[in-house]
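*Asks:* Below is run-v5.cif; it holds mmCIF, C-alpha atoms.
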```cif
data_upload
#
loop_
_atom_site.group_PDB
_atom_site.id
_atom_site.type_symbol
_atom_site.label_atom_id
_atom_site.label_comp_id
_atom_site.auth_asym_id
_atom_site.auth_seq_id
_atom_site.Cartn_x
_atom_site.Cartn_y
_atom_site.Cartn_z
ATOM 1 C CA MET A 1 -82.401 20.798 13.601
ATOM 2 C CA THR A 2 -83.845 20.533 17.117
ATOM 3 C CA THR A 3 -82.706 21.297 20.643
ATOM 4 C CA PRO A 4 -84.091 20.606 24.134
ATOM 5 C CA LEU A 5 -86.808 23.014 25.187
ATOM 6 C CA PRO A 6 -85.429 25.846 27.357
ATOM 7 C CA ASP A 7 -86.965 26.270 30.796
ATOM 8 C CA SER A 8 -87.713 29.944 30.080
ATOM 9 C CA LEU A 9 -90.104 29.034 27.267
ATOM 10 C CA VAL A 10 -91.989 26.014 28.583
ATOM 11 C CA ALA A 11 -93.687 24.839 31.747
ATOM 12 C CA VAL A 12 -94.099 21.205 32.750
ATOM 13 C CA VAL A 13 -94.985 19.455 35.966
ATOM 14 C CA GLY A 14 -92.223 17.057 36.834
ATOM 15 C CA PRO A 15 -89.264 16.088 34.638
ATOM 16 C CA MET A 16 -89.299 16.936 30.932
ATOM 17 C CA PRO A 17 -90.302 13.864 28.877
ATOM 18 C CA GLN A 18 -87.331 12.408 27.032
ATOM 19 C CA GLY A 19 -87.037 13.467 23.427
ATOM 20 C CA VAL A 20 -89.180 16.611 23.669
ATOM 21 C CA THR A 21 -87.527 19.268 21.506
ATOM 22 C CA PHE A 22 -88.339 22.363 19.483
ATOM 23 C CA PRO A 23 -87.044 23.367 16.040
ATOM 24 C CA LEU A 24 -84.092 25.663 15.427
ATOM 25 C CA PRO A 25 -83.191 27.685 12.330
ATOM 26 C CA PRO A 26 -81.929 25.163 9.783
ATOM 27 C CA ALA A 27 -78.339 24.579 8.682
ATOM 28 C CA PHE A 28 -77.505 24.015 5.008
ATOM 29 C CA ASP A 29 -75.117 21.865 3.005
ATOM 30 C CA SER A 30 -74.902 24.310 0.114
ATOM 31 C CA VAL A 31 -75.240 28.001 -0.670
ATOM 32 C CA GLU A 32 -77.884 27.164 -3.267
ATOM 33 C CA ALA A 33 -80.074 25.438 -0.678
ATOM 34 C CA GLU A 34 -79.724 28.307 1.768
ATOM 35 C CA ARG A 35 -80.495 30.867 -0.940
ATOM 36 C CA GLN A 36 -83.672 29.042 -1.913
ATOM 37 C CA TYR A 37 -84.731 28.789 1.720
ATOM 38 C CA ARG A 38 -84.189 32.509 2.290
ATOM 39 C CA LYS A 39 -86.170 33.342 -0.850
ATOM 40 C CA GLU A 40 -89.038 31.104 0.240
ATOM 41 C CA GLN A 41 -89.007 32.686 3.694
ATOM 42 C CA LEU A 42 -89.055 36.124 2.064
ATOM 43 C CA ALA A 43 -92.002 35.220 -0.166
ATOM 44 C CA ALA A 44 -93.812 33.860 2.899
ATOM 45 C CA GLY A 45 -93.054 37.102 4.749
ATOM 46 C CA PHE A 46 -94.701 39.133 2.000
ATOM 47 C CA ARG A 47 -97.748 36.852 2.017
ATOM 48 C CA LEU A 48 -98.020 37.415 5.771
ATOM 49 C CA PHE A 49 -97.739 41.180 5.344
ATOM 50 C CA GLY A 50 -100.534 40.950 2.804
ATOM 51 C CA ARG A 51 -102.606 38.815 5.162
ATOM 52 C CA PHE A 52 -102.159 41.306 8.015
ATOM 53 C CA GLY A 53 -103.123 44.234 5.779
ATOM 54 C CA PHE A 54 -99.717 45.901 5.920
ATOM 55 C CA SER A 55 -99.763 46.902 2.252
ATOM 56 C CA GLU A 56 -100.372 50.528 1.251
ATOM 57 C CA GLY A 57 -100.294 50.918 -2.513
ATOM 58 C CA VAL A 58 -96.738 50.238 -3.675
ATOM 59 C CA ALA A 59 -95.115 51.110 -0.315
ATOM 60 C CA GLY A 60 -93.342 48.561 1.856
ATOM 61 C CA HIS A 61 -90.487 46.135 1.454
ATOM 62 C CA ILE A 62 -88.727 43.222 3.125
ATOM 63 C CA THR A 63 -85.173 42.263 2.209
ATOM 64 C CA VAL A 64 -82.815 39.395 2.913
ATOM 65 C CA ARG A 65 -79.090 39.147 2.231
ATOM 66 C CA ASP A 66 -77.853 36.672 -0.311
ATOM 67 C CA PRO A 67 -75.966 33.930 1.589
ATOM 68 C CA GLU A 68 -73.088 33.825 -0.897
ATOM 69 C CA ASN A 69 -72.707 37.564 -1.458
ATOM 70 C CA PRO A 70 -73.707 39.533 1.670
ATOM 71 C CA GLN A 71 -73.470 42.814 -0.278
ATOM 72 C CA TRP A 72 -76.430 41.668 -2.389
ATOM 73 C CA PHE A 73 -80.000 41.412 -1.185
ATOM 74 C CA TRP A 74 -83.306 39.985 -2.376
ATOM 75 C CA VAL A 75 -86.349 42.260 -2.400
ATOM 76 C CA ASN A 76 -89.893 42.455 -3.737
ATOM 77 C CA PRO A 77 -90.579 43.679 -7.284
ATOM 78 C CA PHE A 78 -91.839 47.266 -7.318
ATOM 79 C CA GLY A 79 -95.621 47.463 -7.568
ATOM 80 C CA MET A 80 -96.381 43.782 -7.050
ATOM 81 C CA SER A 81 -99.032 42.809 -4.495
ATOM 82 C CA PHE A 82 -97.598 41.295 -1.321
ATOM 83 C CA SER A 83 -100.322 38.652 -1.495
ATOM 84 C CA GLN A 84 -99.124 37.373 -4.886
ATOM 85 C CA ILE A 85 -95.347 37.322 -4.504
ATOM 86 C CA LYS A 86 -93.641 33.987 -5.145
ATOM 87 C CA ALA A 87 -90.029 33.032 -4.513
ATOM 88 C CA SER A 88 -89.385 33.173 -8.250
ATOM 89 C CA ASP A 89 -90.609 36.794 -8.435
ATOM 90 C CA LEU A 90 -87.956 38.202 -6.116
ATOM 91 C CA ILE A 91 -85.381 40.712 -7.333
ATOM 92 C CA LEU A 92 -81.664 40.665 -6.509
ATOM 93 C CA VAL A 93 -79.734 43.948 -6.239
ATOM 94 C CA ASP A 94 -76.374 44.988 -4.864
ATOM 95 C CA HIS A 95 -75.626 47.864 -2.502
ATOM 96 C CA GLU A 96 -74.869 50.136 -5.462
ATOM 97 C CA GLY A 97 -78.329 49.610 -6.935
ATOM 98 C CA ASN A 98 -77.373 47.294 -9.796
ATOM 99 C CA LEU A 99 -80.105 44.842 -10.798
ATOM 100 C CA LEU A 100 -78.504 41.389 -10.720
ATOM 101 C CA HIS A 101 -81.522 39.111 -11.109
ATOM 102 C CA GLY A 102 -85.135 39.692 -12.084
ATOM 103 C CA SER A 103 -87.106 41.449 -14.754
ATOM 104 C CA ARG A 104 -88.972 44.130 -12.797
ATOM 105 C CA PRO A 105 -87.820 47.431 -11.255
ATOM 106 C CA VAL A 106 -86.962 47.941 -7.592
ATOM 107 C CA ASN A 107 -88.619 50.574 -5.406
ATOM 108 C CA LYS A 108 -86.010 53.320 -5.014
ATOM 109 C CA ALA A 109 -86.972 53.900 -1.375
ATOM 110 C CA ALA A 110 -86.509 50.172 -0.751
ATOM 111 C CA PHE A 111 -83.007 50.322 -2.182
ATOM 112 C CA VAL A 112 -82.046 53.529 -0.382
ATOM 113 C CA ILE A 113 -83.296 52.377 3.025
ATOM 114 C CA HIS A 114 -82.355 48.723 2.955
ATOM 115 C CA SER A 115 -78.935 49.066 1.327
ATOM 116 C CA GLN A 116 -77.886 51.446 4.077
ATOM 117 C CA VAL A 117 -79.525 49.475 6.887
ATOM 118 C CA HIS A 118 -77.730 46.333 5.700
ATOM 119 C CA ALA A 119 -74.484 48.286 5.404
ATOM 120 C CA ALA A 120 -74.856 49.704 8.922
ATOM 121 C CA ARG A 121 -75.824 46.347 10.423
ATOM 122 C CA PRO A 122 -73.688 43.504 9.019
ATOM 123 C CA ASP A 123 -75.237 41.199 11.640
ATOM 124 C CA ALA A 124 -78.752 41.760 10.259
ATOM 125 C CA ILE A 125 -79.746 39.193 7.634
ATOM 126 C CA ALA A 126 -83.191 40.658 6.963
ATOM 127 C CA ALA A 127 -85.049 43.946 7.313
ATOM 128 C CA ALA A 128 -88.768 44.715 7.129
ATOM 129 C CA HIS A 129 -90.668 47.970 6.588
ATOM 130 C CA SER A 130 -94.189 48.893 5.592
ATOM 131 C CA HIS A 131 -96.755 51.617 6.108
ATOM 132 C CA SER A 132 -98.907 49.631 8.525
ATOM 133 C CA LEU A 133 -101.835 51.548 10.005
ATOM 134 C CA HIS A 134 -100.967 51.592 13.700
ATOM 135 C CA GLY A 135 -97.238 51.849 13.083
ATOM 136 C CA LYS A 136 -97.599 55.013 11.048
ATOM 137 C CA ALA A 137 -100.184 56.447 13.452
ATOM 138 C CA PHE A 138 -97.889 55.825 16.422
ATOM 139 C CA SER A 139 -94.872 57.152 14.514
ATOM 140 C CA SER A 140 -96.543 60.559 14.244
ATOM 141 C CA LEU A 141 -96.173 60.965 18.021
ATOM 142 C CA GLY A 142 -92.381 60.903 17.790
ATOM 143 C CA ILE A 143 -92.056 58.820 20.958
ATOM 144 C CA PRO A 144 -90.736 55.330 21.732
ATOM 145 C CA LEU A 145 -92.890 52.416 22.783
ATOM 146 C CA ASP A 146 -93.440 52.192 26.517
ATOM 147 C CA PRO A 147 -93.208 48.861 28.387
ATOM 148 C CA ILE A 148 -96.926 48.745 29.155
ATOM 149 C CA THR A 149 -97.480 45.134 28.017
ATOM 150 C CA GLN A 150 -95.464 41.944 28.101
ATOM 151 C CA ASP A 151 -95.124 41.935 24.313
ATOM 152 C CA ALA A 152 -93.904 45.532 24.214
ATOM 153 C CA CYS A 153 -91.081 44.561 26.582
ATOM 154 C CA ALA A 154 -89.378 42.817 23.637
ATOM 155 C CA PHE A 155 -88.525 46.352 22.449
ATOM 156 C CA PHE A 156 -87.666 47.873 25.822
ATOM 157 C CA GLU A 157 -84.406 49.801 25.402
ATOM 158 C CA ASP A 158 -83.970 47.933 22.130
ATOM 159 C CA HIS A 159 -85.521 50.306 19.595
ATOM 160 C CA ALA A 160 -84.953 53.886 18.484
ATOM 161 C CA VAL A 161 -86.871 56.825 17.025
ATOM 162 C CA TYR A 162 -85.711 58.494 13.792
ATOM 163 C CA SER A 163 -87.184 61.998 13.931
ATOM 164 C CA ASP A 164 -85.744 63.580 10.779
ATOM 165 C CA TYR A 165 -88.508 62.904 8.229
ATOM 166 C CA ARG A 166 -87.781 64.625 4.891
ATOM 167 C CA GLY A 167 -90.356 63.128 2.554
ATOM 168 C CA VAL A 168 -90.149 59.976 0.426
ATOM 169 C CA VAL A 169 -86.714 58.449 0.955
ATOM 170 C CA ASN A 170 -84.860 59.020 -2.313
ATOM 171 C CA GLU A 171 -81.373 59.937 -1.139
ATOM 172 C CA VAL A 172 -78.699 57.541 0.092
ATOM 173 C CA GLU A 173 -77.738 60.006 2.809
ATOM 174 C CA GLU A 174 -81.156 59.665 4.429
ATOM 175 C CA GLY A 175 -80.805 55.901 4.256
ATOM 176 C CA LYS A 176 -77.522 56.303 6.120
ATOM 177 C CA ARG A 177 -79.193 58.442 8.775
ATOM 178 C CA ILE A 178 -81.889 55.804 9.250
ATOM 179 C CA GLY A 179 -79.213 53.119 9.580
ATOM 180 C CA ALA A 180 -77.376 55.255 12.144
ATOM 181 C CA ALA A 181 -80.587 55.855 14.099
ATOM 182 C CA LEU A 182 -81.332 52.123 14.174
ATOM 183 C CA GLY A 183 -77.950 51.535 15.784
ATOM 184 C CA PRO A 184 -77.618 48.121 17.452
ATOM 185 C CA HIS A 185 -81.371 47.735 18.024
ATOM 186 C CA LYS A 186 -83.973 45.388 16.554
ATOM 187 C CA ALA A 187 -86.272 48.201 15.425
ATOM 188 C CA VAL A 188 -86.600 51.890 14.682
ATOM 189 C CA ILE A 189 -89.722 54.046 14.577
ATOM 190 C CA LEU A 190 -89.498 56.353 11.563
ATOM 191 C CA GLN A 191 -91.341 59.477 12.674
ATOM 192 C CA ASN A 192 -94.291 60.387 10.418
ATOM 193 C CA HIS A 193 -93.502 57.302 8.329
ATOM 194 C CA GLY A 194 -93.768 53.891 9.995
ATOM 195 C CA LEU A 195 -91.793 51.012 11.491
ATOM 196 C CA LEU A 196 -88.628 49.190 10.453
ATOM 197 C CA THR A 197 -87.346 45.979 12.032
ATOM 198 C CA VAL A 198 -84.310 43.766 11.499
ATOM 199 C CA GLY A 199 -83.343 40.227 12.394
ATOM 200 C CA GLN A 200 -80.925 37.384 11.829
ATOM 201 C CA SER A 201 -83.587 35.719 9.674
ATOM 202 C CA VAL A 202 -86.608 36.786 7.653
ATOM 203 C CA ALA A 203 -88.825 35.094 10.230
ATOM 204 C CA GLU A 204 -87.344 37.135 13.058
ATOM 205 C CA ALA A 205 -87.548 40.478 11.216
ATOM 206 C CA VAL A 206 -91.147 39.789 10.188
ATOM 207 C CA TRP A 207 -92.145 38.716 13.699
ATOM 208 C CA TRP A 208 -90.680 41.852 15.258
ATOM 209 C CA PHE A 209 -92.634 43.909 12.745
ATOM 210 C CA VAL A 210 -95.916 42.097 13.443
ATOM 211 C CA THR A 211 -95.620 42.321 17.216
ATOM 212 C CA MET A 212 -94.318 45.907 17.131
ATOM 213 C CA GLU A 213 -97.291 46.958 15.017
ATOM 214 C CA ARG A 214 -99.613 45.340 17.551
ATOM 215 C CA SER A 215 -97.729 46.950 20.443
ATOM 216 C CA CYS A 216 -98.208 50.339 18.787
ATOM 217 C CA GLN A 217 -101.915 49.582 18.491
ATOM 218 C CA ALA A 218 -102.106 48.535 22.146
ATOM 219 C CA GLN A 219 -100.373 51.713 23.334
ATOM 220 C CA LEU A 220 -102.580 53.927 21.170
ATOM 221 C CA LEU A 221 -105.683 52.247 22.609
ATOM 222 C CA ALA A 222 -104.381 52.514 26.169
ATOM 223 C CA MET A 223 -103.450 56.183 25.765
ATOM 224 C CA ALA A 224 -106.896 56.932 24.338
ATOM 225 C CA ALA A 225 -108.533 55.226 27.306
ATOM 226 C CA GLY A 226 -106.440 56.776 30.052
ATOM 227 C CA THR A 227 -102.898 56.824 31.434
ATOM 228 C CA PRO A 228 -101.148 53.460 30.900
ATOM 229 C CA LYS A 229 -99.084 52.084 33.771
ATOM 230 C CA SER A 230 -95.580 51.050 32.747
ATOM 231 C CA ILE A 231 -93.794 47.886 33.831
ATOM 232 C CA ASP A 232 -90.796 48.642 36.028
ATOM 233 C CA ARG A 233 -87.376 48.651 34.363
ATOM 234 C CA GLU A 234 -86.005 45.529 36.051
ATOM 235 C CA THR A 235 -89.047 43.465 35.089
ATOM 236 C CA ALA A 236 -89.118 44.903 31.573
ATOM 237 C CA LEU A 237 -85.463 43.990 31.013
ATOM 238 C CA ARG A 238 -85.977 40.491 32.381
ATOM 239 C CA THR A 239 -89.000 40.029 30.125
ATOM 240 C CA ARG A 240 -87.002 41.253 27.133
ATOM 241 C CA GLU A 241 -84.385 38.600 27.859
ATOM 242 C CA GLN A 242 -87.128 35.962 27.763
ATOM 243 C CA ILE A 243 -89.070 37.057 24.663
ATOM 244 C CA GLY A 244 -86.782 39.489 22.850
ATOM 245 C CA SER A 245 -83.844 37.343 21.742
ATOM 246 C CA SER A 246 -83.119 36.474 18.137
ATOM 247 C CA LEU A 247 -84.060 32.831 18.688
ATOM 248 C CA ALA A 248 -87.267 33.807 20.488
ATOM 249 C CA GLY A 249 -88.208 36.021 17.553
ATOM 250 C CA TRP A 250 -87.586 33.228 15.056
ATOM 251 C CA PHE A 251 -89.498 30.696 17.132
ATOM 252 C CA GLN A 252 -92.492 32.952 17.768
ATOM 253 C CA ALA A 253 -92.920 33.317 14.005
ATOM 254 C CA ARG A 254 -93.265 29.548 13.515
ATOM 255 C CA PRO A 255 -97.077 29.398 13.788
ATOM 256 C CA LEU A 256 -97.358 32.144 11.162
ATOM 257 C CA TRP A 257 -95.071 30.265 8.748
ATOM 258 C CA ASP A 258 -97.022 27.054 9.325
ATOM 259 C CA GLN A 259 -100.278 28.826 8.507
ATOM 260 C CA ILE A 260 -99.114 30.689 5.417
ATOM 261 C CA THR A 261 -97.264 27.766 3.837
ATOM 262 C CA VAL A 262 -100.376 25.602 4.132
ATOM 263 C CA SER A 263 -102.779 28.272 2.847
ATOM 264 C CA ASP A 264 -100.446 29.653 0.117
ATOM 265 C CA PRO A 265 -98.367 26.755 -1.248
ATOM 266 C CA ASP A 266 -97.771 28.614 -4.523
ATOM 267 C CA LEU A 267 -95.374 30.985 -2.718
ATOM 268 C CA PHE A 268 -92.713 28.267 -3.194
ATOM 269 C CA ASP A 269 -92.992 28.470 -7.017
#
```
As structure tokens, how would this structure be written, given the file I've shared?

*Replies:*
Amino acid sequence: MTTPLPDSLVAVVGPMPQGVTFPLPPAFDSVEAERQYRKEQLAAGFRLFGRFGFSEGVAGHITVRDPENPQWFWVNPFGMSFSQIKASDLILVDHEGNLLHGSRPVNKAAFVIHSQVHAARPDAIAAAHSHSLHGKAFSSLGIPLDPITQDACAFFEDHAVYSDYRGVVNEVEEGKRIGAALGPHKAVILQNHGLLTVGQSVAEAVWWFVTMERSCQAQLLAMAAGTPKSIDRETALRTREQIGSSLAGWFQARPLWDQITVSDPDLFD
């Protein structure tokens, strides 16, 4: 599916050439086709997390709702390298923790966090979390991201901080508290833990995670060098409208998907 290029995303001199379009998230004729697409996107998301170095032992997880049964979600097998996950390796569980498809166990923290995030946010199709280096370093400060760069403006007044760290997430009640802290936002900083992002597609959730991790890195570097100057609120909000929408998140992930699907074609297996 394609649509005309929006003025906010492109710049041309003179009238737009006829027929110039950009892709949109696809539509599907069957649940089976949409399920396979979501699984392939999820496998690609894990490969990207592996490529960016977001893995930390067995920690980290990305989930996507099943298109036929929204109370079920697909997730990575516990203990499997992000860089080796294929679509066929993914595990399906319901919000009660029942294993519905797959032959490997599910990380309990993944179930506890993601089941409650999905329950709290019925609009969120996917959620992403890992113990990325700069995300966990920034999370130890217990502060939100400041609008000190254009990219960070995507999260301006659209992320939260969960400050009630109680160790490895093993209890459903803590998952509920994380879901409540996330609220209507695209991301939450889990203090002393790391980052969690959501989206209306795997691509969007993964992109928000990638760019939030980099925004954390940028703020840490700027704070170490001096006193960063923030963008004013009006400009930050206007910038968020341009680069922080669901469609913008999906579209900004396109180059990453193009790269990983060419370099790792076995992820479709």

*Asks:* What's around range 205-210 of chain A at 10 Å? Count all atoms listed in the file, leave out sequence neighbours fewer than 2 positions away in its own chain, and write the answer as a PDB file with C-alpha atoms, in the coordinates of the input.

*Replies:*
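And here is the file that came out, around_28.pdb:
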```pdb
ATOM      1  CA  GLN A  41     -89.007  32.686   3.694  1.00  0.00           C
ATOM      2  CA  LEU A  42     -89.055  36.124   2.064  1.00  0.00           C
ATOM      3  CA  ALA A  44     -93.812  33.860   2.899  1.00  0.00           C
ATOM      4  CA  GLY A  45     -93.054  37.102   4.749  1.00  0.00           C
ATOM      5  CA  PHE A  46     -94.701  39.133   2.000  1.00  0.00           C
ATOM      6  CA  LEU A  48     -98.020  37.415   5.771  1.00  0.00           C
ATOM      7  CA  PHE A  49     -97.739  41.180   5.344  1.00  0.00           C
ATOM      8  CA  PHE A  52    -102.159  41.306   8.015  1.00  0.00           C
ATOM      9  CA  PHE A  54     -99.717  45.901   5.920  1.00  0.00           C
ATOM     10  CA  ILE A  62     -88.727  43.222   3.125  1.00  0.00           C
ATOM     11  CA  THR A  63     -85.173  42.263   2.209  1.00  0.00           C
ATOM     12  CA  VAL A  64     -82.815  39.395   2.913  1.00  0.00           C
ATOM     13  CA  ALA A 124     -78.752  41.760  10.259  1.00  0.00           C
ATOM     14  CA  ILE A 125     -79.746  39.193   7.634  1.00  0.00           C
ATOM     15  CA  ALA A 126     -83.191  40.658   6.963  1.00  0.00           C
ATOM     16  CA  ALA A 127     -85.049  43.946   7.313  1.00  0.00           C
ATOM     17  CA  ALA A 128     -88.768  44.715   7.129  1.00  0.00           C
ATOM     18  CA  HIS A 129     -90.668  47.970   6.588  1.00  0.00           C
ATOM     19  CA  SER A 130     -94.189  48.893   5.592  1.00  0.00           C
ATOM     20  CA  SER A 132     -98.907  49.631   8.525  1.00  0.00           C
ATOM     21  CA  GLY A 135     -97.238  51.849  13.083  1.00  0.00           C
ATOM     22  CA  ALA A 154     -89.378  42.817  23.637  1.00  0.00           C
ATOM     23  CA  PHE A 155     -88.525  46.352  22.449  1.00  0.00           C
ATOM     24  CA  LYS A 186     -83.973  45.388  16.554  1.00  0.00           C
ATOM     25  CA  ALA A 187     -86.272  48.201  15.425  1.00  0.00           C
ATOM     26  CA  LEU A 195     -91.793  51.012  11.491  1.00  0.00           C
ATOM     27  CA  LEU A 196     -88.628  49.190  10.453  1.00  0.00           C
ATOM     28  CA  THR A 197     -87.346  45.979  12.032  1.00  0.00           C
ATOM     29  CA  VAL A 198     -84.310  43.766  11.499  1.00  0.00           C
ATOM     30  CA  GLY A 199     -83.343  40.227  12.394  1.00  0.00           C
ATOM     31  CA  GLN A 200     -80.925  37.384  11.829  1.00  0.00           C
ATOM     32  CA  SER A 201     -83.587  35.719   9.674  1.00  0.00           C
ATOM     33  CA  VAL A 202     -86.608  36.786   7.653  1.00  0.00           C
ATOM     34  CA  ALA A 203     -88.825  35.094  10.230  1.00  0.00           C
ATOM     35  CA  MET A 212     -94.318  45.907  17.131  1.00  0.00           C
ATOM     36  CA  GLU A 213     -97.291  46.958  15.017  1.00  0.00           C
ATOM     37  CA  ARG A 214     -99.613  45.340  17.551  1.00  0.00           C
ATOM     38  CA  SER A 215     -97.729  46.950  20.443  1.00  0.00           C
ATOM     39  CA  GLY A 244     -86.782  39.489  22.850  1.00  0.00           C
ATOM     40  CA  SER A 246     -83.119  36.474  18.137  1.00  0.00           C
ATOM     41  CA  ALA A 248     -87.267  33.807  20.488  1.00  0.00           C
ATOM     42  CA  GLY A 249     -88.208  36.021  17.553  1.00  0.00           C
ATOM     43  CA  TRP A 250     -87.586  33.228  15.056  1.00  0.00           C
ATOM     44  CA  PHE A 251     -89.498  30.696  17.132  1.00  0.00           C
ATOM     45  CA  GLN A 252     -92.492  32.952  17.768  1.00  0.00           C
ATOM     46  CA  ALA A 253     -92.920  33.317  14.005  1.00  0.00           C
ATOM     47  CA  ARG A 254     -93.265  29.548  13.515  1.00  0.00           C
ATOM     48  CA  LEU A 256     -97.358  32.144  11.162  1.00  0.00           C
TER      49      LEU A 256
END
```

*Asks:* What is the CA of Leu99 in chain A-CA of Glu40 in chain A distance in Å, reported with one decimal?

*Replies:* 19.8 Å

*Asks:* Between A:Asn107, A:Ser245, A:Asn69, A:Thr149, which is the closest to Asp232 in chain A once you count all atoms listed in the file?

*Replies:*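 Among the listed residues, the smallest separation from Asp232 in chain A belongs to A:Thr149.
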
*Asks:* Record the distance separating CA of Pro25 in chain A and CA of Glu241 in chain A, expressed in Å with one decimal.

*Replies:* 19.0 Å

*Asks:* Select, from A:Ala33, A:Ala218, A:Leu133, A:Ala59, the residue with the minimum atom-to-atom distance to Val106 in chain A, counting only C-alpha atoms.

*Replies:*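 Under the stated criterion, the closest residue is A:Ala59.
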
*Asks:* Write out as a ChimeraX atom specification which residues come within 12 Å of Ser163 in chain A when counting only C-alpha atoms, dropping same-chain ones fewer than 4 positions away.

*Replies:* /A:139-144,167,174,177-178,181-182,188-194

*Asks:* Please enumerate the residues selected by the PyMOL selection byres ((chain A and resi 170-173) around 9) when evaluated against the supplied file, formatted as an MDAnalysis selection string.

*Replies:* chainID A and resid 108:109 111:113 115:116 167:169 174:178

*Asks:* Could you tell me how far CA of Cys216 in chain A lies from CA of Gly179 in chain A, in Å and to one decimal?

*Replies:* 21.3 Å

*Asks:* A:Ala110, A:Val31, A:Leu24, A:Ala222: which is nearest Ile148 in chain A, counting all atoms listed in the file?

*Replies:*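 Looking at the shortest contact to Ile148 in chain A, the residue is A:Ala222.
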